[in-house]
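Participant: Sending over a structure as structure tokens; questions will come in a sec.
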Number of protein chains: 2
Amino acid sequence: MSENTLVGSLIIGQSGGPSAVINCSAYGVIKTALENENITTVYGAAHGIKGVLNDELMIMDQEDPAELERMLYTPSSALGSCRYKIADPDVDDTDYKRILEIFKKYNVRYFFYNGGNDSMDTCNKISKYMSKVGYDCRVMGVPKTIDNDLAGTDHCPGFASAAKYIATSFMEISRDSHVYDTGMIILVECMGRHAGWLTAAAALAGLKGDGPDLIYLPERDFDMDAFLADVKRIYNEKKNCIVAVSEGIHYADGTFVSEAKTSGTDGFGHAQLGGLAARLAEVVKAATGAKVRPIELSLLQRCAAHCASGTDIQESFQSGKVAVESAVAGATDKMVGFSCTRDENGYHCNYELFDLSVVANTEKKVPQEWINEAGNGVTQEFIDYCLPLIQGETGMVKEDGLPRFVQLKRVFAK
Amino acid sequence: MSENTLVGSLIIGQSGGPSAVINCSAYGVIKTALENENITTVYGAAHGIKGVLNDELMIMDQEDPAELERMLYTPSSALGSCRYKIADPDVDDTDYKRILEIFKKYNVRYFFYNGGNDSMDTCNKISKYMSKVGYDCRVMGVPKTIDNDLAGTDHCPGFASAAKYIATSFMEISRDSHVYDTGMIILVECMGRHAGWLTAAAALAGLKGDGPDLIYLPERDFDMDAFLADVKRIYNEKKNCIVAVSEGIHYADGTFVSEAKTSGTDGFGHAQLGGLAARLAEVVKAATGAKVRPIELSLLQRCAAHCASGTDIQESFQSGKVAVESAVAGATDKMVGFSCTRDENGYHCNYELFDLSVVANTEKKVPQEWINEAGNGVTQEFIDYCLPLIQGETGMVKEDGLPRFVQLKRVFAK
């Protein structure tokens, strides 16, 4: 037993918006932890950190291994998720004391948090608190976000599957919209509050000649007049125009274009967006007189496991596995991420650890130089970056022609 | 050469809204016709009957056979579609004279029309006209409609693939909507103006425990108070409620629930529906105070070839093949359709010819006895009917992780 050896149980929690492959990373953690002799029990926190605070921990050792494997092909957070904003411990340490109490109760020495930006912030705060109070616990962030906006890592697990679904859907929508010779404008709204990665992924459809004509990302200020001029120009040329817009496009003063439709906020205090495509469609219809159809990809883009990227599934699983192996070997206060090469030898993905403090609360956006000058499309650099990520198909086995998702027993610890 | 032998060229046209497999039936016609010695040339009409009227006929013999085969995995109408309402020939026979002129010009002896209700009406009128003027031409309808509302046939090519996509998407949406413990109501709008088949298909997701809680079809009058009471009851019980609604739900007086959002009509004079889910969401939000998310499956449900049913692909191809074989053998004035058995020996599909006059303009709806008493769900009979149709997967080959759709050369006849 080396001096790095730490024996105890592990908690894995999932947080934030789900993705098609968040369960792949969680499964990577769970399977690897179940097989590791230093980890005594593997707990799944019900609804992320809320499950820890509420002492609702599922014993993953009690699940059937073959059933657990279905997590690889099951979208959304199988353990349940939350959008719980944990306080600054210097202001209010109530939650942290409670977390410590639970950690002690179950001899938790490994804490893994699977999520995006805000989740990495939670993870970072817990890590720093445990270190401050001298409780020996290895804390690891396991990234997940379709938004692809985590700093450090080349890309985020979950992004590629959403990108593949979006590109595939654009190809199909494009074919659909071209069947009539009577003209049509289609506006497709993709997720992404501040980062345009998902909307940019629509450009991949263009590789097959079925891509959008115009792409608008939140990385550039939106100008309604320029937008309408773009749409009119394309429509007049082709009698057809397909547009990809990010839900987060905003005017130069920062106002979201969708703002008038905002009707609530999520738990993190972000404005709840949506309805942008419908709103833009009215403006475009009035300006062109054309037949205009708004489409919102909505939740479908983040849960379409049936169209997940094989590469994404494999990398997500691997990130969970590497996180456990690294923690057992002594690492803590890190997020596992990817460092990738794309050259004449193809695409290679290496696993790397990033400091949680660096990752937490920094948003990585689409680089300005990957957006064209007119601000209505992306460059070849983006395509070269993104295309390797969507390769490969899911290994999902169907029953009765439909997916067969994991059904957990959910045996809770006392 | 038997007395039934008729030698000449063939025109295939596609009409109406596209589907994921309309090209499979067209390919069944084209491939079989190209291989038949009585058929001299195979023409694809650009944009349906408009292509005949405008003398825009693509020579399918000029296409590469391997490329043509990709039609099996390419959604929407590869030849182009139209929504052109042909006149009653007793009122105005201008179009018919023009069609006859084109038929004579290219020695067209086989006319095949691939579409839904309105297209079968067009096909029927042309058939009757050619017969009346004594022009020897065999006319066959090759059905297509995701709406599944053609009379006579057990089901319609295109329905099953849309049903499979809808059921799969409901399963994925259901997983997504259950990740938080904070409550959520999701309203998913499916296509279907007068027939609820597609919306009913959401029930298949329930077989795996991930189905909608409530289903509303246009076959029953919609009652807003009963609907709100249903939603509140489920939401209070489960803190979660998923609802499938048909775009065509209407009040007892026939008014579409979506009507206030109606902003145009399509070429056949139908009201253009859409935006229903968003509208209902506002009502539900006001009534419950819950977080409500409307989702419109929109065009995605009719063009998602990546999630097509293998059974649908095969049956669609076969229907085109049988149509050609039957016409060459002497049949005319018919639509090919399915007569199916479902019993202890499994599901069997037989191909049968139906009179065009019977099929044209009759809408087949979901039987009242397949809808539950409360009018908010479907019975096991519907499941038993629908489940065999969604079996099997597409054989779509991907390139670069994306579909590779057919690219026709489009060589036009002079």
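Within each chain, counting starts at residue 1; across the structure tokens, chains are named A, B, ... in the order shown, with ligands numbered 1 upward in that order.
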Can you tell me, as a ChimeraX atom specification, which residues in region 16-169 of chain A count as strand (DSSP E) by DSSP?

Facilitator: /A:39-45,57-59,108-115,138-143

Participant: Might you pull out every residue within 8 Å of Gly13 (chain B), with only C-alpha atoms counted and same-chain residues fewer than 3 positions away left off, and present them as a ChimeraX atom specification?

Facilitator: /B:44-49,51,79,81,112-114

Participant: Could you check which of A:Pro18, A:Tyr135, A:Leu402, A:Gly275 is closest to Ile295 (chain B), using only C-alpha atoms?

Facilitator: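 Of all the options, A:Gly275 lies closest to Ile295 (chain B).
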
Participant: Pull out every residue of chain A that has at least one atom within 6 Å of chain B, counting only C-alpha atoms, and report them as a VMD selection string.

Facilitator: chain A and resid 76 to 77 80 to 82 172 175 to 176 179 to 180 303 390 to 392 401

Participant: Any chance you could lay chain A over chain B, fitting all C-alpha atoms in order by least squares, and write the moved chain as a compact mmCIF listing (two decimals) with C-alpha atoms, in the first residue's frame?

Facilitator:
# COMPACT_ATOMS: atom_id res chain seq x y z
CA MET A 1 -46.61 -11.05 -76.36
CA SER A 2 -49.96 -11.39 -74.59
CA GLU A 3 -52.94 -9.19 -75.39
CA ASN A 4 -52.25 -7.38 -72.16
CA THR A 5 -48.85 -6.25 -73.32
CA LEU A 6 -48.43 -2.50 -73.42
CA VAL A 7 -45.11 -1.05 -74.47
CA GLY A 8 -44.16 2.53 -73.76
CA SER A 9 -42.51 4.83 -71.30
CA LEU A 10 -43.35 5.45 -67.65
CA ILE A 11 -43.68 8.62 -65.62
CA ILE A 12 -43.35 8.61 -61.86
CA GLY A 13 -44.25 11.79 -59.96
CA GLN A 14 -44.20 12.61 -56.25
CA SER A 15 -46.70 14.92 -54.62
CA GLY A 16 -47.79 16.33 -51.30
CA GLY A 17 -45.79 16.50 -48.07
CA PRO A 18 -42.66 14.39 -48.12
CA SER A 19 -41.85 11.50 -45.79
CA ALA A 20 -38.76 9.61 -44.69
CA VAL A 21 -39.49 6.77 -47.13
CA ILE A 22 -41.38 8.29 -50.08
CA ASN A 23 -38.21 7.76 -52.10
CA CYS A 24 -38.27 4.07 -51.23
CA SER A 25 -41.58 3.59 -53.04
CA ALA A 26 -40.39 5.76 -55.93
CA TYR A 27 -37.20 3.68 -56.08
CA GLY A 28 -39.31 0.52 -56.08
CA VAL A 29 -41.13 1.88 -59.14
CA ILE A 30 -38.00 3.16 -60.89
CA LYS A 31 -35.78 0.10 -60.34
CA THR A 32 -38.52 -2.34 -61.34
CA ALA A 33 -39.46 -0.26 -64.39
CA LEU A 34 -35.83 0.10 -65.51
CA GLU A 35 -35.53 -3.68 -65.47
CA ASN A 36 -38.80 -4.28 -67.34
CA GLU A 37 -38.58 -4.82 -71.11
CA ASN A 38 -42.04 -3.39 -71.82
CA ILE A 39 -41.04 -0.05 -70.35
CA THR A 40 -38.94 1.87 -72.81
CA THR A 41 -37.91 4.89 -70.77
CA VAL A 42 -38.44 5.82 -67.13
CA TYR A 43 -39.12 9.50 -66.49
CA GLY A 44 -39.22 11.27 -63.14
CA ALA A 45 -41.54 14.27 -63.19
CA ALA A 46 -39.94 17.29 -61.52
CA HIS A 47 -42.30 18.48 -58.78
CA GLY A 48 -45.08 16.03 -59.43
CA ILE A 49 -47.82 16.82 -61.92
CA LYS A 50 -46.30 20.28 -62.43
CA GLY A 51 -43.32 18.54 -64.05
CA VAL A 52 -45.68 16.90 -66.53
CA LEU A 53 -47.52 20.15 -67.25
CA ASN A 54 -44.22 22.02 -67.65
CA ASP A 55 -42.53 19.25 -69.68
CA GLU A 56 -39.82 18.83 -67.06
CA LEU A 57 -39.07 15.15 -67.07
CA MET A 58 -35.85 13.63 -65.75
CA ILE A 59 -34.57 10.55 -67.57
CA MET A 60 -34.02 8.02 -64.80
CA ASP A 61 -32.23 5.65 -67.20
CA GLN A 62 -29.37 8.18 -67.17
CA GLU A 63 -28.78 7.88 -63.45
CA ASP A 64 -26.09 5.67 -61.96
CA PRO A 65 -27.81 2.55 -60.50
CA ALA A 66 -25.66 2.56 -57.33
CA GLU A 67 -26.47 6.21 -56.72
CA LEU A 68 -30.18 5.59 -57.35
CA GLU A 69 -30.15 2.92 -54.66
CA ARG A 70 -29.41 5.66 -52.12
CA MET A 71 -33.02 6.74 -52.58
CA LEU A 72 -33.81 3.99 -50.05
CA TYR A 73 -32.12 6.07 -47.35
CA THR A 74 -32.88 9.60 -48.54
CA PRO A 75 -35.85 11.42 -47.02
CA SER A 76 -38.28 13.75 -48.79
CA SER A 77 -39.16 13.74 -52.45
CA ALA A 78 -35.99 13.29 -54.51
CA LEU A 79 -37.90 14.16 -57.69
CA GLY A 80 -39.45 17.25 -56.11
CA SER A 81 -43.03 17.59 -54.95
CA CYS A 82 -45.95 19.96 -55.38
CA ARG A 83 -49.27 20.85 -53.83
CA TYR A 84 -51.13 21.42 -57.06
CA LYS A 85 -54.88 20.97 -56.97
CA ILE A 86 -55.95 19.75 -60.36
CA ALA A 87 -59.34 20.98 -61.61
CA ASP A 88 -62.44 18.90 -62.05
CA PRO A 89 -62.14 17.87 -65.75
CA ASP A 90 -65.83 18.55 -66.33
CA VAL A 91 -65.28 22.16 -65.26
CA ASP A 92 -61.88 22.81 -66.77
CA ASP A 93 -59.97 20.24 -68.83
CA THR A 94 -57.00 22.46 -69.76
CA ASP A 95 -54.54 20.59 -67.57
CA TYR A 96 -55.79 17.21 -68.79
CA LYS A 97 -55.34 18.14 -72.44
CA ARG A 98 -51.81 19.26 -71.67
CA ILE A 99 -51.08 16.03 -69.78
CA LEU A 100 -52.39 14.01 -72.71
CA GLU A 101 -50.20 16.01 -75.08
CA ILE A 102 -47.11 15.20 -72.97
CA PHE A 103 -48.12 11.56 -72.66
CA LYS A 104 -48.35 11.34 -76.43
CA LYS A 105 -45.11 13.24 -76.94
CA TYR A 106 -43.14 10.71 -74.84
CA ASN A 107 -45.36 7.70 -75.57
CA VAL A 108 -46.20 7.47 -71.88
CA ARG A 109 -48.20 4.29 -71.23
CA TYR A 110 -47.60 4.06 -67.51
CA PHE A 111 -48.33 6.87 -65.12
CA PHE A 112 -47.49 6.42 -61.42
CA TYR A 113 -48.29 8.97 -58.77
CA ASN A 114 -46.66 8.76 -55.36
CA GLY A 115 -48.46 10.65 -52.62
CA GLY A 116 -51.25 10.94 -50.08
CA ASN A 117 -54.90 11.78 -50.12
CA ASP A 118 -54.93 14.72 -52.49
CA SER A 119 -52.41 13.01 -54.76
CA MET A 120 -54.63 9.96 -55.05
CA ASP A 121 -57.41 12.32 -56.10
CA THR A 122 -55.18 13.77 -58.83
CA CYS A 123 -54.21 10.27 -59.89
CA ASN A 124 -57.85 9.17 -59.97
CA LYS A 125 -58.91 12.14 -62.10
CA ILE A 126 -56.11 11.57 -64.61
CA SER A 127 -56.94 7.87 -64.78
CA LYS A 128 -60.62 8.56 -65.47
CA TYR A 129 -59.79 11.22 -68.07
CA MET A 130 -57.39 8.97 -70.00
CA SER A 131 -59.97 6.24 -69.98
CA LYS A 132 -62.69 8.65 -71.15
CA VAL A 133 -60.63 9.94 -74.09
CA GLY A 134 -59.53 6.40 -74.96
CA TYR A 135 -55.80 6.92 -74.43
CA ASP A 136 -54.30 3.59 -73.39
CA CYS A 137 -52.33 4.35 -70.24
CA ARG A 138 -52.09 2.39 -67.03
CA VAL A 139 -52.41 4.63 -64.03
CA MET A 140 -51.33 3.55 -60.57
CA GLY A 141 -51.29 5.30 -57.21
CA VAL A 142 -48.33 4.53 -54.97
CA PRO A 143 -49.31 5.60 -51.49
CA LYS A 144 -47.29 7.77 -49.16
CA THR A 145 -48.43 9.67 -46.15
CA ILE A 146 -47.13 9.98 -42.63
CA ASP A 147 -50.75 10.84 -41.76
CA ASN A 148 -51.76 7.18 -42.36
CA ASP A 149 -55.19 8.32 -43.45
CA LEU A 150 -55.67 6.57 -46.81
CA ALA A 151 -58.71 4.35 -47.03
CA GLY A 152 -58.53 0.66 -47.85
CA THR A 153 -54.92 -0.06 -47.03
CA ASP A 154 -53.99 -1.38 -43.56
CA HIS A 155 -51.48 1.43 -43.20
CA CYS A 156 -49.56 3.86 -45.40
CA PRO A 157 -45.87 3.86 -46.32
CA GLY A 158 -44.22 6.67 -44.38
CA PHE A 159 -46.40 6.41 -41.30
CA ALA A 160 -44.28 3.78 -39.58
CA SER A 161 -41.04 5.73 -39.87
CA ALA A 162 -42.65 8.86 -38.48
CA ALA A 163 -44.21 6.75 -35.73
CA LYS A 164 -40.84 5.24 -34.84
CA TYR A 165 -39.23 8.67 -34.71
CA ILE A 166 -42.05 10.04 -32.57
CA ALA A 167 -41.97 7.11 -30.11
CA THR A 168 -38.16 7.28 -29.88
CA SER A 169 -38.25 11.05 -29.33
CA PHE A 170 -40.90 10.70 -26.63
CA MET A 171 -38.73 8.17 -24.81
CA GLU A 172 -35.78 10.53 -24.96
CA ILE A 173 -37.82 13.58 -23.98
CA SER A 174 -39.31 11.64 -21.10
CA ARG A 175 -35.87 10.77 -19.76
CA ASP A 176 -34.82 14.38 -20.14
CA SER A 177 -37.87 15.76 -18.38
CA HIS A 178 -37.44 13.51 -15.35
CA VAL A 179 -33.91 14.49 -14.39
CA TYR A 180 -34.89 17.33 -12.07
CA ASP A 181 -37.00 16.90 -8.97
CA THR A 182 -38.49 20.36 -9.39
CA GLY A 183 -41.41 19.45 -11.62
CA MET A 184 -42.05 19.89 -15.32
CA ILE A 185 -44.90 19.72 -17.82
CA ILE A 186 -44.01 19.01 -21.44
CA LEU A 187 -46.45 19.43 -24.32
CA VAL A 188 -45.40 17.78 -27.57
CA GLU A 189 -47.24 18.66 -30.76
CA CYS A 190 -47.39 16.02 -33.50
CA MET A 191 -48.61 16.36 -37.08
CA GLY A 192 -52.04 15.20 -38.19
CA ARG A 193 -54.78 17.56 -39.27
CA HIS A 194 -57.78 15.28 -39.08
CA ALA A 195 -56.33 11.89 -38.19
CA GLY A 196 -54.50 11.23 -34.93
CA TRP A 197 -52.35 8.26 -36.00
CA LEU A 198 -49.04 10.03 -35.50
CA THR A 199 -49.96 11.45 -32.12
CA ALA A 200 -51.23 8.05 -31.05
CA ALA A 201 -47.82 6.58 -31.96
CA ALA A 202 -46.38 8.41 -28.95
CA ALA A 203 -48.08 5.69 -26.89
CA LEU A 204 -45.52 3.16 -28.15
CA ALA A 205 -42.95 4.89 -25.92
CA GLY A 206 -45.05 3.81 -22.98
CA LEU A 207 -44.14 0.17 -23.64
CA LYS A 208 -40.72 0.99 -22.23
CA GLY A 209 -42.05 3.07 -19.35
CA ASP A 210 -41.13 6.35 -21.02
CA GLY A 211 -44.39 7.29 -22.68
CA PRO A 212 -46.67 10.31 -22.48
CA ASP A 213 -49.16 10.55 -19.63
CA LEU A 214 -51.89 11.99 -21.84
CA ILE A 215 -52.70 11.79 -25.55
CA TYR A 216 -55.22 13.98 -27.39
CA LEU A 217 -56.33 13.11 -30.91
CA PRO A 218 -58.50 15.07 -33.37
CA GLU A 219 -60.90 12.10 -33.47
CA ARG A 220 -62.38 13.42 -30.20
CA ASP A 221 -63.62 16.93 -29.55
CA PHE A 222 -61.20 18.79 -27.32
CA ASP A 223 -62.41 20.17 -24.00
CA MET A 224 -60.01 22.66 -22.44
CA ASP A 225 -61.40 22.23 -18.93
CA ALA A 226 -61.13 18.44 -19.04
CA PHE A 227 -57.60 18.79 -20.48
CA LEU A 228 -56.48 21.15 -17.70
CA ALA A 229 -58.02 18.88 -15.08
CA ASP A 230 -56.15 15.88 -16.55
CA VAL A 231 -52.83 17.73 -16.58
CA LYS A 232 -53.27 19.05 -13.03
CA ARG A 233 -54.18 15.61 -11.72
CA ILE A 234 -51.11 13.93 -13.24
CA TYR A 235 -48.81 16.78 -12.28
CA ASN A 236 -50.01 16.77 -8.69
CA GLU A 237 -49.48 13.01 -8.51
CA LYS A 238 -46.07 12.83 -10.20
CA LYS A 239 -44.65 16.36 -10.30
CA ASN A 240 -44.23 15.63 -13.98
CA CYS A 241 -46.56 15.36 -16.95
CA ILE A 242 -45.87 14.65 -20.60
CA VAL A 243 -48.63 15.30 -23.09
CA ALA A 244 -48.94 14.37 -26.77
CA VAL A 245 -51.29 16.60 -28.75
CA SER A 246 -52.24 16.47 -32.38
CA GLU A 247 -51.94 19.74 -34.30
CA GLY A 248 -55.52 19.16 -35.40
CA ILE A 249 -57.30 19.03 -32.05
CA HIS A 250 -60.48 21.07 -32.19
CA TYR A 251 -63.40 22.10 -30.05
CA ALA A 252 -66.85 20.56 -30.43
CA ASP A 253 -67.84 23.32 -32.88
CA GLY A 254 -64.96 22.32 -35.17
CA THR A 255 -62.71 25.29 -34.40
CA PHE A 256 -59.07 24.28 -34.26
CA VAL A 257 -57.53 24.94 -30.82
CA SER A 258 -54.56 26.45 -32.65
CA GLU A 259 -56.78 28.63 -34.79
CA ALA A 260 -55.83 32.04 -33.44
CA LYS A 261 -52.27 31.33 -34.56
CA THR A 262 -53.26 30.43 -38.11
CA SER A 263 -51.42 32.68 -40.50
CA GLY A 264 -51.88 31.21 -43.96
CA THR A 265 -53.17 28.31 -45.98
CA ASP A 266 -51.36 25.73 -48.05
CA GLY A 267 -52.08 25.16 -51.73
CA PHE A 268 -55.00 22.82 -51.06
CA GLY A 269 -56.87 25.41 -49.04
CA HIS A 270 -56.22 23.75 -45.68
CA ALA A 271 -55.53 26.02 -42.74
CA GLN A 272 -51.82 26.02 -41.99
CA LEU A 273 -51.53 24.80 -38.44
CA GLY A 274 -48.68 25.05 -35.97
CA GLY A 275 -47.81 26.84 -32.78
CA LEU A 276 -50.45 24.86 -30.90
CA ALA A 277 -48.04 23.53 -28.26
CA ALA A 278 -46.75 27.02 -27.48
CA ARG A 279 -50.30 28.26 -27.16
CA LEU A 280 -51.43 25.42 -24.90
CA ALA A 281 -48.28 25.89 -22.82
CA GLU A 282 -49.38 29.42 -21.93
CA VAL A 283 -52.76 28.17 -20.80
CA VAL A 284 -51.24 25.32 -18.77
CA LYS A 285 -48.67 27.61 -17.18
CA ALA A 286 -51.35 30.03 -16.12
CA ALA A 287 -53.49 27.22 -14.71
CA THR A 288 -50.75 25.33 -12.86
CA GLY A 289 -47.88 27.73 -12.21
CA ALA A 290 -45.59 24.85 -13.20
CA LYS A 291 -42.60 24.98 -15.50
CA VAL A 292 -44.04 24.16 -18.92
CA ARG A 293 -42.13 23.44 -22.10
CA PRO A 294 -43.82 23.21 -25.51
CA ILE A 295 -42.12 21.10 -28.18
CA GLU A 296 -43.20 20.98 -31.80
CA LEU A 297 -41.81 17.98 -33.66
CA SER A 298 -42.37 19.96 -36.85
CA LEU A 299 -40.72 18.77 -40.07
CA LEU A 300 -38.35 16.51 -38.16
CA GLN A 301 -41.04 13.85 -37.75
CA ARG A 302 -41.58 13.49 -41.47
CA CYS A 303 -37.96 13.63 -42.67
CA ALA A 304 -35.96 11.73 -40.04
CA ALA A 305 -34.61 9.06 -42.38
CA HIS A 306 -31.83 8.28 -39.88
CA CYS A 307 -34.54 6.80 -37.61
CA ALA A 308 -36.69 5.17 -40.31
CA SER A 309 -38.39 1.83 -39.75
CA GLY A 310 -36.74 -1.06 -41.60
CA THR A 311 -40.19 -2.56 -42.12
CA ASP A 312 -41.42 0.71 -43.63
CA ILE A 313 -38.43 0.94 -45.99
CA GLN A 314 -38.97 -2.60 -47.20
CA GLU A 315 -42.75 -2.32 -47.57
CA SER A 316 -42.47 1.04 -49.35
CA PHE A 317 -39.99 -0.34 -51.86
CA GLN A 318 -42.16 -3.40 -52.35
CA SER A 319 -45.29 -1.31 -52.93
CA GLY A 320 -43.55 0.49 -55.81
CA LYS A 321 -42.34 -2.81 -57.22
CA VAL A 322 -45.76 -4.44 -57.01
CA ALA A 323 -47.36 -1.38 -58.62
CA VAL A 324 -45.12 -1.74 -61.69
CA GLU A 325 -45.52 -5.50 -61.92
CA SER A 326 -49.30 -5.19 -61.62
CA ALA A 327 -49.51 -2.44 -64.24
CA VAL A 328 -47.35 -4.36 -66.69
CA ALA A 329 -49.65 -7.34 -66.12
CA GLY A 330 -52.66 -5.20 -67.05
CA ALA A 331 -53.85 -3.44 -63.91
CA THR A 332 -54.84 0.22 -64.06
CA ASP A 333 -56.87 2.75 -62.08
CA LYS A 334 -55.65 1.26 -58.80
CA MET A 335 -53.65 2.14 -55.75
CA VAL A 336 -51.36 -0.50 -54.32
CA GLY A 337 -51.87 -1.02 -50.61
CA PHE A 338 -51.39 -3.41 -47.75
CA SER A 339 -53.60 -6.08 -46.29
CA CYS A 340 -52.03 -7.31 -43.05
CA THR A 341 -52.52 -10.03 -40.49
CA ARG A 342 -51.39 -9.86 -36.88
CA ASP A 343 -51.87 -13.07 -34.94
CA GLU A 344 -50.00 -15.81 -33.09
CA ASN A 345 -47.89 -16.32 -36.23
CA GLY A 346 -46.73 -12.72 -36.08
CA TYR A 347 -47.21 -9.92 -38.54
CA HIS A 348 -47.65 -10.52 -42.26
CA CYS A 349 -48.06 -7.91 -44.96
CA ASN A 350 -49.69 -8.73 -48.29
CA TYR A 351 -49.88 -6.38 -51.24
CA GLU A 352 -53.28 -5.64 -52.68
CA LEU A 353 -54.80 -3.30 -55.27
CA PHE A 354 -57.53 -0.83 -54.29
CA ASP A 355 -59.77 1.16 -56.64
CA LEU A 356 -58.54 4.73 -56.96
CA SER A 357 -62.10 6.08 -56.81
CA VAL A 358 -62.54 4.46 -53.41
CA VAL A 359 -59.24 5.70 -52.04
CA ALA A 360 -59.35 9.25 -53.35
CA ASN A 361 -60.44 11.86 -50.86
CA THR A 362 -61.54 9.49 -48.12
CA GLU A 363 -59.76 10.00 -44.81
CA LYS A 364 -59.23 7.02 -42.54
CA LYS A 365 -59.18 8.03 -38.90
CA VAL A 366 -58.19 6.29 -35.69
CA PRO A 367 -61.21 4.12 -34.77
CA GLN A 368 -63.18 5.50 -31.82
CA GLU A 369 -62.85 2.15 -30.02
CA TRP A 370 -59.05 2.49 -30.05
CA ILE A 371 -59.31 5.68 -27.99
CA ASN A 372 -59.93 5.36 -24.26
CA GLU A 373 -63.19 6.49 -22.70
CA ALA A 374 -61.75 9.67 -21.22
CA GLY A 375 -60.40 10.62 -24.63
CA ASN A 376 -56.89 11.10 -23.27
CA GLY A 377 -55.14 7.93 -24.38
CA VAL A 378 -55.22 4.94 -26.73
CA THR A 379 -56.02 1.28 -26.16
CA GLN A 380 -53.95 -1.89 -26.52
CA GLU A 381 -55.58 -2.44 -29.95
CA PHE A 382 -53.70 0.57 -31.29
CA ILE A 383 -50.41 -0.70 -29.84
CA ASP A 384 -50.96 -4.15 -31.37
CA TYR A 385 -51.70 -2.51 -34.70
CA CYS A 386 -48.76 -0.13 -34.70
CA LEU A 387 -45.89 -1.97 -33.01
CA PRO A 388 -45.10 -4.41 -35.86
CA LEU A 389 -44.76 -1.49 -38.26
CA ILE A 390 -41.83 0.16 -36.49
CA GLN A 391 -39.65 -2.95 -36.34
CA GLY A 392 -36.23 -3.03 -37.97
CA GLU A 393 -33.67 -0.33 -38.62
CA THR A 394 -32.51 1.59 -41.66
CA GLY A 395 -29.59 0.26 -43.67
CA MET A 396 -28.37 3.84 -44.19
CA VAL A 397 -24.61 3.93 -44.70
CA LYS A 398 -22.94 7.00 -43.23
CA GLU A 399 -20.00 8.95 -44.55
CA ASP A 400 -18.05 11.23 -42.21
CA GLY A 401 -20.52 10.30 -39.49
CA LEU A 402 -23.40 11.77 -41.50
CA PRO A 403 -26.03 10.43 -43.90
CA ARG A 404 -25.09 10.27 -47.54
CA PHE A 405 -28.22 11.16 -49.47
CA VAL A 406 -28.83 10.56 -53.17
CA GLN A 407 -27.49 13.15 -55.61
CA LEU A 408 -29.34 12.84 -58.89
CA LYS A 409 -27.80 14.00 -62.17
CA ARG A 410 -31.20 15.32 -63.23
CA VAL A 411 -30.85 14.87 -66.99
CA PHE A 412 -34.00 16.34 -68.53
CA ALA A 413 -35.74 15.04 -71.64
CA LYS A 414 -35.90 17.54 -74.50
